[in-house]
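A.B. asks: Provided herewith is a single structure, encoded as structure tokens, for subsequent inquiry.
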Amino acid sequence: MLRDLSCYTLLMADSNFFGSPIPTIRVILAVIMLLSAITVAVLVLFQTSNSDGTSAFTGGSASKDNETFYGRNKGRRVESKLKMWTFITAGVLAVCSIVFYVLR
């Protein structure tokens, strides 16, 4: 019944399921890849666009948060952390994908 599913046949390419640890590793890698792909998508959605000067161009003014040193640099710290975690999770996704392919 389960052998008809394409995801099952992709993960369990071996017919010897219990004798080899490779299918278990492939399932673990598939779960890690799924979680890291979702994480990358969410992190990218949280990042702001690179339109720094458009508010000044359209006549917008700076908010009160930007008047202090802490307020000016707070956005940079958050953006740099989001960018760093995006690169880390994308790297994990790439490495897991390569290992998943090699184990095939």
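Residue numbering restarts at 1 in every chain; chains get A, B, ... in the order shown in the structure tokens, and ligands count up from 1 in that same order.
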What's around Val40 in chain A at 7 Å? Count only C-alpha atoms, leave out sequence neighbours fewer than 6 positions away in its own chain, and write the answer as JSON, numbers by chain.
C.D. replies: {"A": [86, 89, 90]}
A.B. asks: Within 9 Å of Ser36 in chain A, counting only C-alpha atoms, which residues qualify if same-chain residues fewer than 2 places away don't, as a list in words?
C.D. replies: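 The neighbour list is Val31, Ile32, Met33, Leu34, Ile38, Thr39, Val40, Ala41, Thr89, Ala90, Val92 and Leu93 of chain A.
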A.B. asks: Could you tell me which of A:Val102, A:Val95, A:Val27, A:Leu82 comes closest to Leu43 in chain A if we count only C-alpha atoms?
C.D. replies: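 Counting only C-alpha atoms, the residue closest to Leu43 in chain A is A:Leu82.
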A.B. asks: In Å to one decimal, how far is CA of Gly91 in chain A from CA of Phe46 in chain A?
C.D. replies: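 Interatomic distance, CA of Phe46 in chain A to CA of Gly91 in chain A: 18.4 Å.
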A.B. asks: Please measure the separation of CA of Pro23 in chain A and CA of Val42 in chain A, giving the value in Å to one decimal.
C.D. replies: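 About the pair CA of Pro23 in chain A and CA of Val42 in chain A: they are 28.7 Å apart.
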